file coords.cif (mmCIF, C-alpha atoms)
data_data
loop_
_atom_site.label_atom_id
_atom_site.label_comp_id
_atom_site.auth_asym_id
_atom_site.auth_seq_id
_atom_site.Cartn_x
_atom_site.Cartn_y
_atom_site.Cartn_z
CA MET A 1 0.44 30.27 -31.69
CA THR A 2 1.54 26.87 -30.34
CA LEU A 3 0.23 27.53 -26.84
CA THR A 4 -3.05 28.84 -28.23
CA VAL A 5 -3.57 25.70 -30.30
CA LEU A 6 -2.61 23.53 -27.31
CA MET A 7 -4.96 25.12 -24.78
CA VAL A 8 -7.92 25.80 -27.08
CA SER A 9 -7.94 22.26 -28.48
CA PHE A 10 -7.44 20.75 -25.01
CA ILE A 11 -10.33 22.71 -23.49
CA LEU A 12 -12.55 21.95 -26.50
CA PHE A 13 -11.88 18.21 -26.25
CA ILE A 14 -12.65 18.24 -22.52
CA ILE A 15 -15.96 20.06 -23.12
CA LEU A 16 -16.86 17.51 -25.81
CA GLY A 17 -16.33 14.71 -23.29
CA MET A 18 -13.22 13.14 -24.81
CA PRO A 19 -11.30 10.88 -22.38
CA ILE A 20 -8.64 12.96 -20.65
CA ALA A 21 -5.67 10.93 -21.91
CA PHE A 22 -6.75 11.35 -25.54
CA ALA A 23 -7.53 15.04 -25.01
CA ILE A 24 -4.02 15.62 -23.68
CA GLY A 25 -2.34 13.58 -26.41
CA ILE A 26 -4.26 14.90 -29.43
CA SER A 27 -4.05 18.54 -28.34
CA SER A 28 -0.29 18.09 -27.86
CA MET A 29 -0.04 16.59 -31.36
CA PHE A 30 -1.89 19.55 -32.86
CA ALA A 31 0.44 21.94 -31.04
CA LEU A 32 3.55 20.14 -32.27
CA MET A 33 2.25 20.31 -35.85
CA THR A 34 2.42 24.11 -35.62
CA GLN A 35 6.15 23.80 -34.80
CA ASP A 36 6.87 21.69 -37.89
CA VAL A 37 8.17 18.93 -35.63
CA PRO A 38 8.38 15.49 -37.33
CA LEU A 39 5.39 13.54 -36.07
CA ILE A 40 7.54 10.47 -35.53
CA LEU A 41 8.98 12.28 -32.50
CA ILE A 42 5.56 12.09 -30.82
CA SER A 43 5.98 8.36 -30.20
CA HIS A 44 9.52 9.02 -28.92
CA TYR A 45 8.42 11.52 -26.27
CA MET A 46 5.43 9.41 -25.27
CA PHE A 47 7.62 6.35 -24.80
CA SER A 48 10.22 8.30 -22.82
CA GLY A 49 7.45 9.22 -20.39
CA VAL A 50 6.93 5.58 -19.40
CA ASP A 51 10.44 4.23 -19.96
CA SER A 52 11.32 3.79 -16.31
CA PHE A 53 11.65 0.68 -14.15
CA VAL A 54 10.28 2.58 -11.15
CA LEU A 55 6.93 2.83 -12.91
CA CYS A 56 6.44 -0.89 -12.31
CA ALA A 57 5.24 0.22 -8.87
CA ILE A 58 2.00 1.52 -10.40
CA PRO A 59 0.46 -1.79 -11.58
CA MET A 60 1.74 -3.52 -8.45
CA PHE A 61 0.05 -1.01 -6.12
CA VAL A 62 -3.14 -1.22 -8.18
CA LEU A 63 -3.03 -5.04 -8.04
CA ALA A 64 -2.56 -5.02 -4.25
CA GLY A 65 -5.57 -2.75 -3.84
CA GLU A 66 -7.74 -4.88 -6.13
CA ILE A 67 -6.86 -8.06 -4.25
CA MET A 68 -7.72 -6.50 -0.91
CA LEU A 69 -11.00 -5.14 -2.27
CA TYR A 70 -12.05 -8.49 -3.74
CA GLY A 71 -10.83 -10.22 -0.59
CA GLY A 72 -13.46 -8.38 1.48
CA MET A 73 -11.07 -6.57 3.78
CA THR A 74 -13.39 -3.58 4.11
CA ARG A 75 -15.74 -5.24 6.61
CA SER A 76 -13.06 -5.94 9.22
CA LEU A 77 -11.85 -2.33 9.09
CA THR A 78 -15.35 -0.84 9.41
CA ASP A 79 -16.03 -3.19 12.34
CA LEU A 80 -12.83 -2.03 14.06
CA SER A 81 -13.80 1.60 13.48
CA ASP A 82 -17.22 0.96 14.99
CA VAL A 83 -15.64 -0.60 18.08
CA LEU A 84 -13.45 2.48 18.59
CA VAL A 85 -15.82 5.38 17.85
CA GLY A 86 -19.32 3.96 17.37
CA LYS A 87 -20.57 5.02 20.81
CA ILE A 88 -19.90 8.72 20.17
CA ARG A 89 -22.82 10.84 18.92
CA GLY A 90 -22.92 10.40 15.14
CA GLY A 91 -21.21 7.05 15.60
CA LEU A 92 -21.63 5.69 12.08
CA GLY A 93 -20.34 8.96 10.64
CA HIS A 94 -17.22 8.69 12.83
CA THR A 95 -16.92 5.05 11.78
CA ASN A 96 -17.00 6.15 8.14
CA ILE A 97 -14.17 8.64 8.68
CA LEU A 98 -12.02 6.31 10.78
CA ALA A 99 -12.52 3.51 8.25
CA SER A 100 -11.11 5.86 5.59
CA ILE A 101 -8.03 6.39 7.76
CA PHE A 102 -7.53 2.64 8.16
CA PHE A 103 -8.46 1.89 4.56
CA ALA A 104 -6.01 4.51 3.30
CA GLY A 105 -3.15 2.08 3.60
CA ILE A 106 -4.99 -0.51 1.55
CA THR A 107 -5.68 1.41 -1.66
CA GLY A 108 -4.26 4.92 -1.42
CA SER A 109 -7.05 5.94 -3.81
CA ALA A 110 -9.92 8.34 -3.08
CA THR A 111 -12.21 6.71 -5.65
CA ALA A 112 -11.53 3.21 -4.35
CA ASP A 113 -12.23 4.32 -0.78
CA THR A 114 -15.48 5.98 -1.80
CA THR A 115 -16.64 2.87 -3.63
CA ALA A 116 -15.56 0.29 -1.06
CA ILE A 117 -16.61 2.11 2.12
CA GLY A 118 -19.64 3.81 0.59
CA SER A 119 -21.15 0.53 -0.59
CA ILE A 120 -21.29 -0.63 3.04
CA LEU A 121 -21.75 2.48 5.16
CA ILE A 122 -24.05 4.66 3.04
CA PRO A 123 -26.93 2.13 3.27
CA ALA A 124 -26.07 1.46 6.93
CA MET A 125 -26.15 5.18 7.81
CA SER A 126 -29.39 5.68 5.89
CA GLY A 127 -30.94 2.82 7.84
CA LYS A 128 -29.98 4.53 11.12
CA GLY A 129 -31.71 7.81 10.29
CA TYR A 130 -28.97 9.77 8.49
CA SER A 131 -30.09 11.42 5.27
CA ARG A 132 -28.69 9.65 2.23
CA ALA A 133 -27.15 12.89 1.00
CA TYR A 134 -25.34 13.41 4.32
CA SER A 135 -24.16 9.79 4.34
CA THR A 136 -22.71 10.25 0.85
CA ALA A 137 -21.18 13.64 1.72
CA ILE A 138 -19.24 12.29 4.68
CA THR A 139 -18.06 9.35 2.56
CA ILE A 140 -16.60 11.47 -0.25
CA ALA A 141 -15.19 14.04 2.19
CA SER A 142 -13.33 11.37 4.16
CA SER A 143 -12.10 9.67 0.98
CA VAL A 144 -9.58 12.52 0.68
CA ILE A 145 -7.72 10.98 3.63
CA GLY A 146 -6.86 7.82 1.68
CA PRO A 147 -4.26 9.32 -0.66
CA ILE A 148 -2.70 11.38 2.16
CA ILE A 149 -1.93 8.65 4.70
CA PRO A 150 0.75 6.21 3.52
CA PRO A 151 1.21 4.13 1.54
CA SER A 152 -0.18 6.43 -1.12
CA LEU A 153 -0.20 5.81 -4.86
CA THR A 154 -0.74 9.57 -5.24
CA PHE A 155 2.65 10.27 -3.64
CA VAL A 156 4.32 7.62 -5.79
CA ILE A 157 2.90 9.29 -8.92
CA TYR A 158 3.96 12.74 -7.67
CA ALA A 159 7.52 11.58 -6.94
CA LEU A 160 7.78 10.00 -10.39
CA ALA A 161 6.39 13.12 -12.09
CA VAL A 162 8.71 15.56 -10.30
CA GLY A 163 11.82 13.45 -9.75
CA ASN A 164 14.42 13.89 -6.99
CA VAL A 165 11.75 13.56 -4.28
CA SER A 166 11.86 10.71 -1.77
CA ILE A 167 8.79 8.47 -1.86
CA GLY A 168 9.52 7.34 1.70
CA GLY A 169 9.79 10.98 2.80
CA LEU A 170 6.43 11.78 1.22
CA PHE A 171 4.89 8.76 2.96
CA LEU A 172 6.07 10.03 6.34
CA ALA A 173 5.08 13.62 5.57
CA GLY A 174 1.48 12.54 4.98
CA ILE A 175 0.88 10.89 8.37
CA VAL A 176 0.12 13.97 10.51
CA PRO A 177 -1.87 15.87 7.81
CA GLY A 178 -3.96 12.75 7.17
CA ILE A 179 -4.77 12.20 10.85
CA LEU A 180 -5.44 15.92 11.31
CA THR A 181 -7.90 15.83 8.41
CA GLY A 182 -9.70 12.88 9.98
CA ILE A 183 -9.99 14.65 13.35
CA GLY A 184 -11.31 17.81 11.69
CA LEU A 185 -14.00 15.89 9.81
CA MET A 186 -15.01 14.08 13.01
CA VAL A 187 -15.46 17.44 14.75
CA ILE A 188 -17.81 18.61 11.97
CA ASN A 189 -19.69 15.31 12.05
CA TYR A 190 -20.12 15.52 15.84
CA ILE A 191 -21.47 19.09 15.65
CA ILE A 192 -23.95 18.26 12.88
CA SER A 193 -24.97 14.94 14.49
CA THR A 194 -25.62 16.64 17.83
CA LYS A 195 -27.69 19.34 16.13
CA ARG A 196 -29.74 16.78 14.18
CA ASN A 197 -29.81 14.21 17.00
CA TYR A 198 -28.25 11.48 14.90
CA GLU A 199 -27.64 8.08 16.50
CA LYS A 200 -24.86 6.61 18.57
CA ARG A 201 -24.32 2.92 19.21
CA THR A 202 -25.99 1.86 22.45
CA GLU A 203 -25.26 -1.86 22.44
CA ALA A 204 -21.83 -3.05 23.55
CA TYR A 205 -19.56 -5.58 21.89
CA SER A 206 -18.57 -8.63 23.92
CA TRP A 207 -14.87 -9.11 24.65
CA GLY A 208 -14.90 -12.12 22.36
CA GLU A 209 -16.28 -10.05 19.48
CA ILE A 210 -13.75 -7.28 20.10
CA LEU A 211 -10.82 -9.70 20.11
CA LYS A 212 -12.04 -11.31 16.88
CA ILE A 213 -12.39 -7.91 15.14
CA VAL A 214 -8.99 -6.71 16.39
CA ARG A 215 -7.31 -9.94 15.25
CA GLN A 216 -8.80 -9.74 11.76
CA SER A 217 -8.05 -6.02 11.40
CA ALA A 218 -4.48 -6.40 12.62
CA VAL A 219 -3.78 -8.88 9.84
CA VAL A 220 -5.11 -6.39 7.28
CA LEU A 221 -3.22 -3.42 8.70
CA VAL A 222 0.11 -5.24 8.47
CA MET A 223 0.10 -4.56 4.72
CA PRO A 224 0.55 -0.75 4.84
CA LEU A 225 3.19 -1.21 7.55
CA LEU A 226 4.93 -3.73 5.31
CA ILE A 227 5.13 -1.13 2.54
CA VAL A 228 6.02 1.97 4.56
CA ILE A 229 8.61 0.39 6.88
CA GLY A 230 10.25 -1.45 4.00
CA VAL A 231 10.59 1.67 1.85
CA ILE A 232 11.77 3.91 4.68
CA SER A 233 14.29 1.39 6.03
CA GLY A 234 15.71 0.77 2.57
CA ALA A 235 14.94 -2.95 2.77
CA TYR A 236 13.34 -2.66 -0.65
CA THR A 237 12.31 -0.07 -3.19
CA ALA A 238 8.79 1.30 -3.74
CA THR A 239 8.41 -1.09 -6.68
CA GLU A 240 9.49 -4.09 -4.62
CA SER A 241 7.28 -3.03 -1.71
CA ALA A 242 4.24 -2.96 -4.00
CA ALA A 243 5.05 -6.50 -5.19
CA ALA A 244 5.46 -7.64 -1.57
CA ALA A 245 2.11 -6.07 -0.69
CA SER A 246 0.39 -7.90 -3.56
CA ALA A 247 1.88 -11.21 -2.42
CA TYR A 248 0.83 -10.54 1.17
CA ALA A 249 -2.70 -9.64 0.07
CA ILE A 250 -3.03 -12.91 -1.85
CA VAL A 251 -1.86 -14.99 1.13
CA VAL A 252 -4.14 -13.20 3.62
CA SER A 253 -7.21 -13.36 1.37
CA LEU A 254 -6.75 -17.01 0.44
CA VAL A 255 -5.44 -18.46 3.70
CA PHE A 256 -6.60 -16.25 6.59
CA PHE A 257 -9.94 -14.81 5.46
CA ARG A 258 -10.67 -17.44 2.80
CA THR A 259 -12.84 -14.91 0.97
CA LEU A 260 -10.93 -14.88 -2.29
CA LYS A 261 -11.58 -17.51 -4.93
CA PHE A 262 -9.20 -18.51 -7.69
CA THR A 263 -11.98 -17.66 -10.14
CA ASP A 264 -11.77 -14.02 -8.92
CA PHE A 265 -8.23 -13.60 -10.23
CA GLY A 266 -9.42 -13.11 -13.81
CA LYS A 267 -11.44 -10.05 -12.77
CA ILE A 268 -8.66 -8.81 -10.49
CA PHE A 269 -5.98 -8.98 -13.17
CA PHE A 270 -8.28 -7.47 -15.78
CA ASN A 271 -9.25 -4.51 -13.55
CA SER A 272 -5.62 -3.99 -12.53
CA ALA A 273 -4.49 -4.02 -16.16
CA LYS A 274 -7.28 -1.61 -17.16
CA VAL A 275 -6.52 0.92 -14.42
CA SER A 276 -2.75 0.63 -14.96
CA SER A 277 -3.04 1.06 -18.73
CA ILE A 278 -5.05 4.24 -18.21
CA MET A 279 -2.36 5.59 -15.89
CA PHE A 280 0.45 4.72 -18.32
CA LEU A 281 -1.41 6.32 -21.22
CA LEU A 282 -1.90 9.42 -19.09
CA LEU A 283 1.78 9.43 -18.18
CA ALA A 284 2.82 9.07 -21.84
CA THR A 285 0.54 11.80 -23.19
CA SER A 286 1.27 14.09 -20.22
CA ASN A 287 4.98 13.81 -20.98
CA LEU A 288 4.20 14.97 -24.52
CA PHE A 289 2.10 17.82 -23.11
CA SER A 290 4.95 18.81 -20.79
CA TYR A 291 7.41 18.76 -23.69
CA VAL A 292 5.26 21.26 -25.60
CA LEU A 293 5.08 23.52 -22.54
CA ALA A 294 8.85 23.25 -22.08
CA THR A 295 9.59 24.15 -25.71
CA GLU A 296 7.38 27.20 -25.28
CA ASN A 297 9.32 28.14 -22.11
CA VAL A 298 6.16 28.05 -19.99
CA PRO A 299 7.81 26.93 -16.71
CA THR A 300 10.33 29.79 -16.89
CA LEU A 301 7.66 32.33 -17.82
CA MET A 302 5.44 31.15 -14.97
CA ALA A 303 8.29 31.40 -12.50
CA GLU A 304 9.16 34.90 -13.69
CA THR A 305 5.51 35.96 -13.52
CA LEU A 306 5.07 34.72 -9.97
CA HIS A 307 8.35 36.30 -8.88
CA SER A 308 7.29 39.59 -10.45
CA MET A 309 4.02 39.43 -8.48
CA THR A 310 5.68 38.66 -5.17
CA ASN A 311 8.98 37.65 -3.60
CA ASN A 312 7.15 36.57 -0.45
CA PRO A 313 6.76 32.77 -0.15
CA ILE A 314 3.62 33.26 1.98
CA VAL A 315 1.87 35.14 -0.81
CA PHE A 316 3.18 32.66 -3.38
CA LEU A 317 1.69 29.75 -1.46
CA PHE A 318 -1.64 31.56 -1.20
CA LEU A 319 -1.73 32.11 -4.97
CA LEU A 320 -0.64 28.52 -5.52
CA ASN A 321 -3.47 27.20 -3.35
CA ILE A 322 -6.03 29.10 -5.39
CA MET A 323 -4.61 27.86 -8.70
CA LEU A 324 -4.37 24.24 -7.58
CA LEU A 325 -7.89 24.18 -6.15
CA LEU A 326 -9.22 25.43 -9.48
CA ILE A 327 -7.12 22.86 -11.35
CA GLY A 328 -8.37 20.09 -9.03
CA CYS A 329 -11.96 21.06 -9.81
CA VAL A 330 -11.62 20.57 -13.56
CA LEU A 331 -8.88 17.91 -13.92
CA ASP A 332 -8.63 14.43 -12.45
CA LEU A 333 -5.89 13.88 -9.88
CA PHE A 334 -3.24 12.01 -11.87
CA PRO A 335 -3.38 14.10 -15.08
CA ALA A 336 -3.11 17.24 -12.95
CA ILE A 337 -0.02 15.84 -11.22
CA PHE A 338 1.61 14.73 -14.46
CA ILE A 339 1.09 18.11 -16.13
CA PHE A 340 1.49 20.70 -13.39
CA ALA A 341 3.80 19.17 -10.76
CA PRO A 342 6.93 19.44 -12.98
CA ILE A 343 6.01 23.11 -13.62
CA PHE A 344 5.29 24.28 -10.06
CA ALA A 345 7.90 22.23 -8.16
CA PRO A 346 10.93 24.20 -9.50
CA VAL A 347 9.11 27.48 -8.83
CA ALA A 348 8.47 26.43 -5.22
CA ALA A 349 12.12 25.44 -4.86
CA SER A 350 13.14 28.94 -5.96
CA TYR A 351 11.22 30.27 -2.95
CA GLY A 352 13.15 27.92 -0.64
CA ILE A 353 10.16 25.65 0.06
CA SER A 354 11.05 22.08 1.04
CA PRO A 355 10.25 19.54 -1.73
CA LEU A 356 8.45 17.31 0.78
CA HIS A 357 6.40 20.19 2.17
CA PHE A 358 5.50 21.37 -1.32
CA GLY A 359 4.58 17.83 -2.37
CA LEU A 360 2.02 17.62 0.43
CA ILE A 361 0.61 21.06 -0.35
CA PHE A 362 0.32 20.19 -4.03
CA CYS A 363 -1.36 16.80 -3.57
CA VAL A 364 -3.74 17.83 -0.77
CA ASN A 365 -4.85 20.85 -2.80
CA LEU A 366 -5.77 18.69 -5.78
CA LEU A 367 -7.51 16.13 -3.55
CA VAL A 368 -9.67 18.78 -1.90
CA GLY A 369 -10.40 20.20 -5.35
CA LEU A 370 -11.87 16.83 -6.40
CA ASN A 371 -14.80 17.39 -4.02
CA THR A 372 -15.07 21.16 -4.36
CA PRO A 373 -18.39 22.46 -5.81
CA PRO A 374 -19.60 22.94 -8.40
CA VAL A 375 -17.65 20.69 -10.79
CA GLY A 376 -15.32 18.53 -8.67
CA SER A 377 -15.27 15.03 -10.15
CA GLY A 378 -15.60 13.44 -6.69
CA LEU A 379 -19.04 15.00 -6.37
CA PHE A 380 -20.28 13.23 -9.49
CA ILE A 381 -18.79 9.90 -8.36
CA GLY A 382 -20.41 10.31 -4.94
CA ALA A 383 -23.78 11.24 -6.41
CA ALA A 384 -23.69 8.10 -8.56
CA ILE A 385 -22.62 5.78 -5.72
CA GLY A 386 -25.03 7.29 -3.19
CA ASN A 387 -27.88 7.70 -5.69
CA VAL A 388 -28.53 11.28 -4.55
CA LYS A 389 -29.09 14.59 -6.32
CA LEU A 390 -25.96 16.64 -6.91
CA GLU A 391 -27.40 19.82 -5.37
CA GLU A 392 -28.32 17.95 -2.17
CA LEU A 393 -24.84 16.44 -1.98
CA ILE A 394 -23.18 19.84 -2.47
CA ARG A 395 -25.23 21.34 0.35
CA GLU A 396 -24.29 18.54 2.77
CA VAL A 397 -20.61 18.31 1.84
CA THR A 398 -19.93 22.07 2.14
CA PRO A 399 -19.17 22.10 5.93
CA PHE A 400 -16.67 19.28 5.46
CA ILE A 401 -15.01 21.08 2.52
CA ILE A 402 -14.67 24.22 4.64
CA MET A 403 -12.91 22.20 7.34
CA GLU A 404 -10.59 20.68 4.73
CA PHE A 405 -9.77 24.20 3.50
CA ILE A 406 -8.82 25.19 7.05
CA ILE A 407 -6.61 22.13 7.44
CA LEU A 408 -5.07 22.83 4.04
CA LEU A 409 -4.11 26.33 5.21
CA CYS A 410 -2.58 24.83 8.37
CA ILE A 411 -0.55 22.38 6.26
CA THR A 412 0.55 25.24 4.00
CA TYR A 413 1.62 27.75 6.62
CA ILE A 414 2.73 25.49 9.48
CA PRO A 415 5.48 23.36 7.89
CA ALA A 416 6.04 21.43 11.13
CA ILE A 417 2.74 19.59 10.57
CA THR A 418 4.22 18.04 7.45
CA MET A 419 7.91 17.93 8.29
CA ILE A 420 8.12 16.78 11.92
CA ILE A 421 8.06 13.03 11.22
CA PRO A 422 10.29 13.13 8.10
CA LYS A 423 12.87 15.17 10.06
CA LEU A 424 12.80 12.67 12.93
CA ALA A 425 13.44 9.93 10.37
CA GLY A 426 16.39 11.82 8.87
CA PHE A 427 14.79 13.22 5.70
#
call {"tool": "encode", "arguments": {"input": "coords.cif", "output": "structure tokens"}}
result
Amino acid sequence: MTLTVLMVSFILFIILGMPIAFAIGISSMFALMTQDVPLILISHYMFSGVDSFVLCAIPMFVLAGEIMLYGGMTRSLTDLSDVLVGKIRGGLGHTNILASIFFAGITGSATADTTAIGSILIPAMSGKGYSRAYSTAITIASSVIGPIIPPSLTFVIYALAVGNVSIGGLFLAGIVPGILTGIGLMVINYIISTKRNYEKRTEAYSWGEILKIVRQSAVVLVMPLLIVIGVISGAYTATESAAAASAYAIVVSLVFFRTLKFTDFGKIFFNSAKVSSIMFLLLATSNLFSYVLATENVPTLMAETLHSMTNNPIVFLFLLNIMLLLIGCVLDLFPAIFIFAPIFAPVAASYGISPLHFGLIFCVNLLVGLNTPPVGSGLFIGAAIGNVKLEELIREVTPFIIMEFIILLCITYIPAITMIIPKLAGF
């Protein structure tokens, strides 16, 4: 009865368009009412979901990303990408993908990457003869790279949701899969660009221009190194690294680039507070949702069901991929992590799967699901940013999604792709 009330009310609220945090919280409240639980305990379980010092990393990472976005760091990274790959057939498409790799360390957010890079490169690609739908498709497809390559807010959220998983280890585990995803998307872009005879840059940069672009980009790219090296070396925690990144972003934007005004800080702090409050509300209500599932013994039942279906970890991972892709299509990234990561992680551990390896599989699955037709939320964001029809965008993004599926299978069944760097670092 409790589970029925929980799932039916949750699905109904989602269909009615209720914000996801409220849908999770209210459906959980309805479910608890069927158990005759004192409603005062609702506030207790919600508060326990956010009562952790480590969670201070969330607003700090969000603030760092907002400062870099308002500071205009995107242009230097797209210029560097154009210097490196612009002369290959489909040059602006390759620039788009490489910029996502570089920009990953700035925001660690797929939506932020789509917005920041798309606002510059979608019009630029359209002006060079690319269809607007294709320009948007390559932008949202490459935005998946952002939360994979460190530093990644997605991995921080996953580690907090699951517990007993090293954030530094997850950062290192994402390097090779992220680069591999970028290479795969570039291959698809080159094939399509050659077939459609899309452009490549013919004019050359002067050495003076190259040195200027490299100097500006190097200053920007110090920030992700500051975070990753600090966390891995133990010089500071993930929370402290996020604060250091915010401070560094302020100094660079005000002193080096001089693109940030003191009047911008009101908008920056407001946007950071808004995004952070949404995440904390999601974390609080998701903890309540997880409590209901735990009282109904859902994690144990799910583990027993999967074990009854197969004792083979290869088959388990295949079934897991299917479930997570479907979940990623209908739920936003962070709610899906908060709700399902604590359920699936113990099951994966029972199959002997490394927590770091499983963390990558879990997060990449959900990220790919964001752009998977027909209802992935990334598609709707891309259609709005690119001002294109959804059906056109789906048609153009499909080859890139297929490549991401192939890479996802490689990540799933070739653990060395994920684990080689963490093992070298002692994780």
call {"tool": "resolve_selection", "arguments": {"input": "coords.cif", "expression": "the PyMOL selection byres ((chain A and resi 243) around 8)", "output": "PyMOL selection string"}}
result
chain A and resi 57+60-61+64+239-242+244-247
call {"tool": "closest_residue", "arguments": {"input": "coords.cif", "among": "A:Asn321, A:Thr2, A:Asn312, A:Ser193", "to": "Cys410 in chain A", "atoms": "only C-alpha atoms"}}
result
A:Asn321
call {"tool": "atom_distance", "arguments": {"input": "coords.cif", "atom1": "CA of Met223 in chain A", "atom2": "CA of Leu424 in chain A"}}
result
22.9 Å
call {"tool": "closest_residue", "arguments": {"input": "coords.cif", "among": "A:Ile145, A:Pro38, A:Ile188, A:Asn271", "to": "Val176 in chain A", "atoms": "all atoms listed in the file"}}
result
A:Ile145
call {"tool": "resolve_selection", "arguments": {"input": "coords.cif", "expression": "the PyMOL selection byres ((chain A and resi 209-219) around 10)", "output": "list in words"}}
result
Met73, Thr74, Arg75, Ser76, Leu77, Thr78, Asp79, Leu80, Ser81, Val83, Leu84, Phe102, Ala204, Tyr205, Ser206, Trp207, Gly208, Val220, Leu221, Val222, Met223, Tyr248, Ala249, Val252, Phe256 and Phe257 of chain A
call {"tool": "closest_residue", "arguments": {"input": "coords.cif", "among": "A:Glu404, A:Gly386, A:Gly234, A:Leu170", "to": "Ser131 in chain A", "atoms": "only C-alpha atoms"}}
result
A:Gly386
call {"tool": "atom_distance", "arguments": {"input": "coords.cif", "atom1": "CA of Asp264 in chain A", "atom2": "CA of Ile149 in chain A"}}
result
28.2 Å
call {"tool": "atom_distance", "arguments": {"input": "coords.cif", "atom1": "CA of Val62 in chain A", "atom2": "CA of Leu288 in chain A"}}
result
24.1 Å
call {"tool": "closest_residue", "arguments": {"input": "coords.cif", "among": "A:Thr418, A:Asn189, A:Ser276, A:Thr310", "to": "Val50 in chain A", "atoms": "only C-alpha atoms"}}
result
A:Ser276
call {"tool": "closest_residue", "arguments": {"input": "coords.cif", "among": "A:Ile120, A:Val251, A:Val397, A:Leu360", "to": "Gly178 in chain A", "atoms": "all atoms listed in the file"}}
result
A:Leu360
call {"tool": "decode", "arguments": {"input": "coords.cif", "residues": "range 24-61 of chain A", "atoms": "C-alpha atoms", "output": "PDB file, in the first residue's frame"}}
result
ATOM      1  CA  ILE A  24       9.399  13.842  -4.342  1.00  0.00           C
ATOM      2  CA  GLY A  25       8.625  15.446  -0.987  1.00  0.00           C
ATOM      3  CA  ILE A  26       4.817  15.457  -1.173  1.00  0.00           C
ATOM      4  CA  SER A  27       4.580  11.903  -2.510  1.00  0.00           C
ATOM      5  CA  SER A  28       6.879  10.780   0.325  1.00  0.00           C
ATOM      6  CA  MET A  29       4.640  12.568   2.835  1.00  0.00           C
ATOM      7  CA  PHE A  30       1.550  10.822   1.459  1.00  0.00           C
ATOM      8  CA  ALA A  31       3.324   7.470   1.712  1.00  0.00           C
ATOM      9  CA  LEU A  32       4.372   8.087   5.311  1.00  0.00           C
ATOM     10  CA  MET A  33       0.784   8.976   6.219  1.00  0.00           C
ATOM     11  CA  THR A  34      -0.231   5.420   5.284  1.00  0.00           C
ATOM     12  CA  GLN A  35       2.282   4.126   7.865  1.00  0.00           C
ATOM     13  CA  ASP A  36       0.803   6.233  10.678  1.00  0.00           C
ATOM     14  CA  VAL A  37       4.183   7.895  11.143  1.00  0.00           C
ATOM     15  CA  PRO A  38       4.044  11.192  13.107  1.00  0.00           C
ATOM     16  CA  LEU A  39       4.330  13.939  10.510  1.00  0.00           C
ATOM     17  CA  ILE A  40       6.802  15.809  12.691  1.00  0.00           C
ATOM     18  CA  LEU A  41       9.353  13.150  11.705  1.00  0.00           C
ATOM     19  CA  ILE A  42       9.195  14.401   8.107  1.00  0.00           C
ATOM     20  CA  SER A  43      11.151  17.528   9.014  1.00  0.00           C
ATOM     21  CA  HIS A  44      13.628  15.363  10.959  1.00  0.00           C
ATOM     22  CA  TYR A  45      14.442  13.116   7.994  1.00  0.00           C
ATOM     23  CA  MET A  46      14.579  16.049   5.588  1.00  0.00           C
ATOM     24  CA  PHE A  47      17.009  17.908   7.834  1.00  0.00           C
ATOM     25  CA  SER A  48      19.182  14.822   8.314  1.00  0.00           C
ATOM     26  CA  GLY A  49      19.580  14.698   4.535  1.00  0.00           C
ATOM     27  CA  VAL A  50      21.365  18.061   4.479  1.00  0.00           C
ATOM     28  CA  ASP A  51      22.992  18.007   7.915  1.00  0.00           C
ATOM     29  CA  SER A  52      26.543  17.514   6.699  1.00  0.00           C
ATOM     30  CA  PHE A  53      29.513  19.884   6.540  1.00  0.00           C
ATOM     31  CA  VAL A  54      30.688  18.235   3.317  1.00  0.00           C
ATOM     32  CA  LEU A  55      27.603  19.578   1.563  1.00  0.00           C
ATOM     33  CA  CYS A  56      29.116  23.062   1.766  1.00  0.00           C
ATOM     34  CA  ALA A  57      30.996  21.999  -1.366  1.00  0.00           C
ATOM     35  CA  ILE A  58      27.804  22.307  -3.418  1.00  0.00           C
ATOM     36  CA  PRO A  59      27.227  26.089  -3.163  1.00  0.00           C
ATOM     37  CA  MET A  60      30.972  26.700  -3.450  1.00  0.00           C
ATOM     38  CA  PHE A  61      31.247  24.718  -6.709  1.00  0.00           C
TER      39      PHE A  61
END
